[in-house]
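Heads up, final_17.pdb below (PDB, C-alpha atoms, pLDDT in the B column):
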ATOM      1  CA  MET A 159       0.000   0.000   0.000  1.00 47.00           C
ATOM      2  CA  ARG A 160       1.439   3.345  -1.016  1.00 43.00           C
ATOM      3  CA  PHE A 161       1.055   6.426   1.108  1.00 42.00           C
ATOM      4  CA  ARG A 162       2.660   9.823   1.305  1.00 42.00           C
ATOM      5  CA  VAL A 163       3.410  12.176   4.150  1.00 40.00           C
ATOM      6  CA  CYS A 164       2.328  15.813   3.838  1.00 36.00           C
ATOM      7  CA  ALA A 165       4.387  18.632   5.324  1.00 33.00           C
ATOM      8  CA  CYS A 166       8.075  18.060   5.785  1.00 28.00           C
ATOM      9  CA  VAL A 167       8.470  14.845   7.756  1.00 32.00           C
ATOM     10  CA  THR A 168      11.988  13.447   7.960  1.00 29.00           C
ATOM     11  CA  ALA A 169      12.872   9.839   8.756  1.00 32.00           C
ATOM     12  CA  VAL A 170      13.430  10.826  12.395  1.00 31.00           C
ATOM     13  CA  ALA A 171      10.082  12.614  12.565  1.00 34.00           C
ATOM     14  CA  ALA A 172       8.393   9.684  10.814  1.00 38.00           C
ATOM     15  CA  ALA A 173       9.562   7.408  13.626  1.00 37.00           C
ATOM     16  CA  SER A 174       7.839   9.736  16.092  1.00 37.00           C
ATOM     17  CA  LEU A 175       4.540   9.150  14.287  1.00 40.00           C
ATOM     18  CA  LEU A 176       4.213   5.874  16.120  1.00 38.00           C
ATOM     19  CA  GLY A 177       4.691   7.588  19.453  1.00 39.00           C
ATOM     20  CA  GLY A 178       1.600   9.712  18.902  1.00 38.00           C
ATOM     21  CA  CYS A 179       3.317  12.954  17.857  1.00 35.00           C
ATOM     22  CA  MET A 180       2.397  13.920  14.309  1.00 40.00           C
ATOM     23  CA  ARG A 181       3.098  17.262  12.649  1.00 41.00           C
ATOM     24  CA  GLY A 182       2.129  16.318   9.089  1.00 49.00           C
ATOM     25  CA  GLN A 183      -0.739  14.199   7.896  1.00 58.00           C
ATOM     26  CA  ILE A 184      -0.399  10.747   6.429  1.00 65.00           C
ATOM     27  CA  ILE A 185      -2.377  10.496   3.206  1.00 67.00           C
ATOM     28  CA  ASP A 186      -3.213   7.226   1.425  1.00 65.00           C
ATOM     29  CA  HIS A 187      -3.019   6.656  -2.331  1.00 70.00           C
ATOM     30  CA  GLU A 188      -6.585   7.959  -2.778  1.00 73.00           C
ATOM     31  CA  GLY A 189      -5.946  11.204  -0.893  1.00 73.00           C
ATOM     32  CA  ARG A 190      -7.671  10.145   2.364  1.00 68.00           C
ATOM     33  CA  ALA A 191      -6.161  11.092   5.726  1.00 66.00           C
ATOM     34  CA  ILE A 192      -4.940   8.168   7.808  1.00 66.00           C
ATOM     35  CA  ALA A 193      -5.112   8.019  11.607  1.00 70.00           C
ATOM     36  CA  LEU A 194      -2.404   6.835  13.949  1.00 81.00           C
ATOM     37  CA  ILE A 195      -4.901   4.793  15.975  1.00 87.00           C
ATOM     38  CA  THR A 196      -8.621   5.469  15.986  1.00 87.00           C
ATOM     39  CA  PRO A 197     -10.519   5.604  19.303  1.00 91.00           C
ATOM     40  CA  LYS A 198     -11.739   2.188  20.477  1.00 93.00           C
ATOM     41  CA  SER A 199     -15.314   3.450  20.212  1.00 91.00           C
ATOM     42  CA  GLN A 200     -14.876   3.295  16.416  1.00 93.00           C
ATOM     43  CA  TRP A 201     -13.583  -0.294  16.364  1.00 96.00           C
ATOM     44  CA  LYS A 202     -15.679  -3.307  15.351  1.00 97.00           C
ATOM     45  CA  LEU A 203     -14.588  -6.676  16.705  1.00 95.00           C
ATOM     46  CA  SER A 204     -15.685  -9.984  15.257  1.00 94.00           C
ATOM     47  CA  GLY A 205     -14.558 -13.584  14.984  1.00 92.00           C
ATOM     48  CA  ASP A 206     -15.403 -16.715  16.882  1.00 91.00           C
ATOM     49  CA  PHE A 207     -14.815 -15.238  20.345  1.00 87.00           C
ATOM     50  CA  THR A 208     -17.521 -15.058  22.979  1.00 90.00           C
ATOM     51  CA  ASP A 209     -18.174 -11.377  23.747  1.00 93.00           C
ATOM     52  CA  ALA A 210     -15.580 -10.167  21.202  1.00 93.00           C
ATOM     53  CA  ALA A 211     -16.382  -6.502  21.954  1.00 94.00           C
ATOM     54  CA  LYS A 212     -15.026  -6.934  25.503  1.00 93.00           C
ATOM     55  CA  ALA A 213     -11.518  -7.040  24.013  1.00 92.00           C
ATOM     56  CA  ALA A 214     -11.799  -3.273  23.433  1.00 93.00           C
ATOM     57  CA  ASP A 215     -14.158  -1.987  26.132  1.00 94.00           C
ATOM     58  CA  ASP A 216     -11.427  -0.265  28.202  1.00 94.00           C
ATOM     59  CA  ASN A 217     -12.015  -2.720  31.052  1.00 93.00           C
ATOM     60  CA  VAL A 218      -9.272  -5.334  31.398  1.00 91.00           C
ATOM     61  CA  ASN A 219     -11.452  -7.256  33.888  1.00 91.00           C
ATOM     62  CA  THR A 220     -13.999  -8.183  31.210  1.00 92.00           C
ATOM     63  CA  VAL A 221     -12.679 -10.689  28.669  1.00 90.00           C
ATOM     64  CA  ALA A 222     -13.447 -12.034  25.224  1.00 89.00           C
ATOM     65  CA  THR A 223     -12.870 -15.809  25.100  1.00 85.00           C
ATOM     66  CA  SER A 224     -11.832 -17.834  22.064  1.00 86.00           C
ATOM     67  CA  SER A 225     -13.908 -20.716  20.791  1.00 84.00           C
ATOM     68  CA  ASP A 226     -12.698 -24.304  21.070  1.00 80.00           C
ATOM     69  CA  SER A 227     -11.730 -24.205  17.390  1.00 78.00           C
ATOM     70  CA  PRO A 228      -8.040 -24.985  16.780  1.00 80.00           C
ATOM     71  CA  THR A 229      -7.941 -21.921  14.483  1.00 82.00           C
ATOM     72  CA  SER A 230     -10.036 -19.459  16.478  1.00 86.00           C
ATOM     73  CA  TYR A 231      -9.612 -15.844  15.473  1.00 91.00           C
ATOM     74  CA  LEU A 232     -10.345 -12.294  16.534  1.00 93.00           C
ATOM     75  CA  GLN A 233     -10.714  -9.616  13.874  1.00 96.00           C
ATOM     76  CA  ILE A 234     -10.464  -5.912  14.598  1.00 96.00           C
ATOM     77  CA  ASP A 235     -11.791  -3.290  12.177  1.00 97.00           C
ATOM     78  CA  LEU A 236     -10.115  -0.063  13.279  1.00 95.00           C
ATOM     79  CA  GLY A 237     -12.721   2.015  11.417  1.00 94.00           C
ATOM     80  CA  LYS A 238     -10.230   3.482   8.961  1.00 91.00           C
ATOM     81  CA  PRO A 239      -6.603   2.845   7.973  1.00 91.00           C
ATOM     82  CA  CYS A 240      -4.180   3.378  10.860  1.00 92.00           C
ATOM     83  CA  VAL A 241      -0.410   3.302  11.287  1.00 92.00           C
ATOM     84  CA  PHE A 242       1.046   1.059  14.026  1.00 92.00           C
ATOM     85  CA  ASN A 243       4.012  -1.195  14.778  1.00 91.00           C
ATOM     86  CA  LEU A 244       3.064  -2.840  18.081  1.00 92.00           C
ATOM     87  CA  ILE A 245       0.071  -4.872  19.225  1.00 93.00           C
ATOM     88  CA  ILE A 246      -0.370  -5.659  22.912  1.00 93.00           C
ATOM     89  CA  ILE A 247      -2.812  -8.296  24.107  1.00 89.00           C
ATOM     90  CA  ASP A 248      -3.642  -8.181  27.814  1.00 89.00           C
ATOM     91  CA  HIS A 249      -5.182 -11.556  28.619  1.00 83.00           C
ATOM     92  CA  GLY A 250      -6.806 -10.254  31.814  1.00 84.00           C
ATOM     93  CA  PRO A 251      -5.553 -10.117  35.414  1.00 82.00           C
ATOM     94  CA  ASP A 252      -6.738 -13.607  36.395  1.00 74.00           C
ATOM     95  CA  ASN A 253      -5.742 -15.400  33.211  1.00 67.00           C
ATOM     96  CA  GLN A 254      -2.247 -16.798  33.669  1.00 68.00           C
ATOM     97  CA  HIS A 255      -2.868 -19.790  31.358  1.00 67.00           C
ATOM     98  CA  ASN A 256      -5.368 -18.353  28.866  1.00 70.00           C
ATOM     99  CA  PHE A 257      -3.053 -17.493  25.980  1.00 67.00           C
ATOM    100  CA  PRO A 258      -2.484 -19.074  22.569  1.00 72.00           C
ATOM    101  CA  GLY A 259       0.481 -21.365  22.006  1.00 69.00           C
ATOM    102  CA  ARG A 260       1.233 -19.603  18.729  1.00 76.00           C
ATOM    103  CA  LEU A 261      -0.601 -16.758  17.056  1.00 88.00           C
ATOM    104  CA  VAL A 262      -0.591 -15.466  13.470  1.00 89.00           C
ATOM    105  CA  VAL A 263      -1.029 -11.717  12.945  1.00 93.00           C
ATOM    106  CA  MET A 264      -2.567 -10.684   9.627  1.00 94.00           C
ATOM    107  CA  THR A 265      -3.328  -7.187   8.349  1.00 95.00           C
ATOM    108  CA  SER A 266      -5.470  -5.816   5.556  1.00 96.00           C
ATOM    109  CA  TYR A 267      -6.154  -2.386   4.132  1.00 93.00           C
ATOM    110  CA  ASP A 268      -9.465  -3.403   2.518  1.00 94.00           C
ATOM    111  CA  GLY A 269     -10.666  -6.476   4.463  1.00 94.00           C
ATOM    112  CA  LYS A 270     -10.204  -8.694   1.387  1.00 94.00           C
ATOM    113  CA  ASN A 271      -6.470  -8.945   0.749  1.00 96.00           C
ATOM    114  CA  TRP A 272      -4.551 -10.140   3.805  1.00 95.00           C
ATOM    115  CA  THR A 273      -0.834 -10.109   4.601  1.00 90.00           C
ATOM    116  CA  THR A 274       0.703 -12.340   7.264  1.00 85.00           C
ATOM    117  CA  GLU A 275       2.844  -9.993   9.323  1.00 84.00           C
ATOM    118  CA  TYR A 276       4.108 -12.091  12.177  1.00 76.00           C
ATOM    119  CA  VAL A 277       3.856 -15.399  13.978  1.00 75.00           C
ATOM    120  CA  VAL A 278       4.358 -15.088  17.728  1.00 70.00           C
ATOM    121  CA  HIS A 279       4.206 -17.344  20.773  1.00 64.00           C
ATOM    122  CA  GLY A 280       1.575 -16.308  23.295  1.00 67.00           C
ATOM    123  CA  THR A 281       2.797 -15.474  26.784  1.00 70.00           C
ATOM    124  CA  ARG A 282       1.310 -15.363  30.238  1.00 73.00           C
ATOM    125  CA  ARG A 283      -0.732 -12.358  31.186  1.00 81.00           C
ATOM    126  CA  ILE A 284       0.405 -10.023  28.352  1.00 87.00           C
ATOM    127  CA  THR A 285       1.497 -10.877  24.820  1.00 87.00           C
ATOM    128  CA  TYR A 286       3.582  -8.230  23.042  1.00 90.00           C
ATOM    129  CA  ILE A 287       3.654  -8.357  19.251  1.00 89.00           C
ATOM    130  CA  PRO A 288       6.261  -6.002  17.767  1.00 91.00           C
ATOM    131  CA  LEU A 289       5.901  -5.700  14.001  1.00 89.00           C
ATOM    132  CA  VAL A 290       8.800  -5.046  11.656  1.00 87.00           C
ATOM    133  CA  GLY A 291       8.341  -1.486  10.455  1.00 86.00           C
ATOM    134  CA  ALA A 292       5.217   0.637  10.550  1.00 88.00           C
ATOM    135  CA  LYS A 293       2.076  -1.067   9.217  1.00 91.00           C
ATOM    136  CA  LEU A 294      -0.747   0.704   7.454  1.00 91.00           C
ATOM    137  CA  ALA A 295      -3.952  -1.281   7.859  1.00 93.00           C
ATOM    138  CA  ARG A 296      -7.607  -0.951   8.716  1.00 95.00           C
ATOM    139  CA  TYR A 297      -8.157  -4.599   9.645  1.00 97.00           C
ATOM    140  CA  VAL A 298      -6.144  -6.849  11.932  1.00 96.00           C
ATOM    141  CA  ARG A 299      -6.824 -10.560  12.343  1.00 95.00           C
ATOM    142  CA  LEU A 300      -5.293 -12.603  15.176  1.00 93.00           C
ATOM    143  CA  VAL A 301      -5.505 -16.313  14.332  1.00 90.00           C
ATOM    144  CA  THR A 302      -4.609 -19.237  16.577  1.00 82.00           C
ATOM    145  CA  GLN A 303      -1.961 -21.399  14.928  1.00 73.00           C
ATOM    146  CA  VAL A 304      -1.297 -23.592  17.972  1.00 67.00           C
ATOM    147  CA  ARG A 305      -3.742 -23.765  20.863  1.00 71.00           C
ATOM    148  CA  GLY A 306      -2.645 -23.171  24.410  1.00 66.00           C
ATOM    149  CA  GLU A 307      -3.632 -25.195  27.472  1.00 72.00           C
ATOM    150  CA  GLN A 308      -7.040 -23.486  27.569  1.00 76.00           C
ATOM    151  CA  PRO A 309      -9.090 -21.219  25.294  1.00 79.00           C
ATOM    152  CA  TRP A 310      -7.339 -17.861  25.159  1.00 85.00           C
ATOM    153  CA  THR A 311      -8.771 -14.654  26.489  1.00 81.00           C
ATOM    154  CA  VAL A 312      -8.380 -10.998  25.594  1.00 88.00           C
ATOM    155  CA  GLY A 313      -9.044  -8.567  28.420  1.00 87.00           C
ATOM    156  CA  GLU A 314      -7.917  -5.626  26.330  1.00 93.00           C
ATOM    157  CA  ILE A 315      -6.082  -5.090  23.057  1.00 93.00           C
ATOM    158  CA  TYR A 316      -3.878  -2.085  22.303  1.00 94.00           C
ATOM    159  CA  PHE A 317      -2.156  -0.730  19.198  1.00 94.00           C
ATOM    160  CA  GLN A 318       0.789   1.669  19.114  1.00 91.00           C
TER
END
Rendering of file as C-alpha cells:
Amino acid sequence: MRFRVCACVTAVAAASLLGGCMRGQIIDHEGRAIALITPKSQWKLSGDFTDAAKAADDNVNTVATSSDSPTSYLQIDLGKPCVFNLIIIDHGPDNQHNFPGRLVVMTSYDGKNWTTEYVVHGTRRITYIPLVGAKLARYVRLVTQVRGEQPWTVGEIYFQ
C-alpha cells in the first residue's frame, strides 16, 4: 500500500509518528487522511470469540474468550486505515494460562487482501507483538496457529 506524508516529515520525525506525535498528515493513495490509531469506540470486533467486543471496552477485567476451534480468530476493524508497529494483548488479570500457544497476525487495508505480518508465541498475562516497520492497515486478524492449554482470552487489546 502506497502512502505519502504531507508537510516536511523526515525519517526521524516519521519514527515519532508511532509515538503519537504527528506534525504532518499521512495520506493514502486515494488522498484520504490516515489516523495513527482510531478511538476504540470506532472499532468493530468480530470472529469466533464469545463477547468479542469486551476485548476493546477499556475494562481489562472483562474478557473475550476464544472458541474451542483450533484456528479461532479475533478480527479488529479499526474504522479506517491506521499506522502502528506494536500490538499488545492483555489476557486479563486472572488469566495466567489463557493465551495461545502460537498466534498469526494478519493485516489488511481493505478487508479482502490479507498479509501475514508475524507469527508469535503467546505469553502469560500479556502478549507483546512487535511488528517489523510501521504497518498501514484498517483490519487486523489474530488467528490461533497452535492452541494453548485453555481457550485464550483478551481482556484488552492495544495498538501503538
Which residues come within 8 Å of Val301 of chain A, counting all atoms listed in the file, excluding same-chain residues fewer than 3 positions away, as a list in words?
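Everything that qualifies: Thr229, Ser230, Tyr231, Leu232, Leu261, Val262, Val263 and Met264 of chain A.
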If we count all atoms listed in the file, what is near segment 197-204 of chain A at a cut-off of 10 Å, once residues fewer than 5 positions away on the same chain are taken out, given as an MDAnalysis selection string?
chainID A and resid 209:216 231:238 296:299 315:316
Name the residues that the PyMOL selection byres ((chain A and resi 272-285) around 6) pulls out of this structure, and write them as a PyMOL selection string.
chain A and resi 246-249+254+257-266+271+286
Could you tell me how far atom CA of Leu289 of chain A lies from atom CA of Leu194 of chain A, in Å and to one decimal?
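Atom-to-atom, atom CA of Leu289 of chain A to atom CA of Leu194 of chain A, that is 15.0 Å.
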Go through A:Cys240, A:Ile287, A:Leu300, A:Val312 and flag the residue nearest Ala193 of chain A, using all atoms listed in the file for the distances.
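Ranked by minimum distance to Ala193 of chain A, first place goes to A:Cys240.
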Around segment 286-298 of chain A, with edges along x, y and z and 6 Å added on all six sides, what centre and edge lengths do you get, in Å to one decimal, as AutoDock Vina command-line options?
--center_x 0.3 --center_y -3.8 --center_z 15.2 --size_x 29.0 --size_y 21.1 --size_z 27.6
Could you check which of A:Gly291, A:Gly269, A:Gly250, A:Pro239 is closest to His187 of chain A, using all atoms listed in the file?
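Among the listed residues, A:Pro239 lies closest to His187 of chain A.
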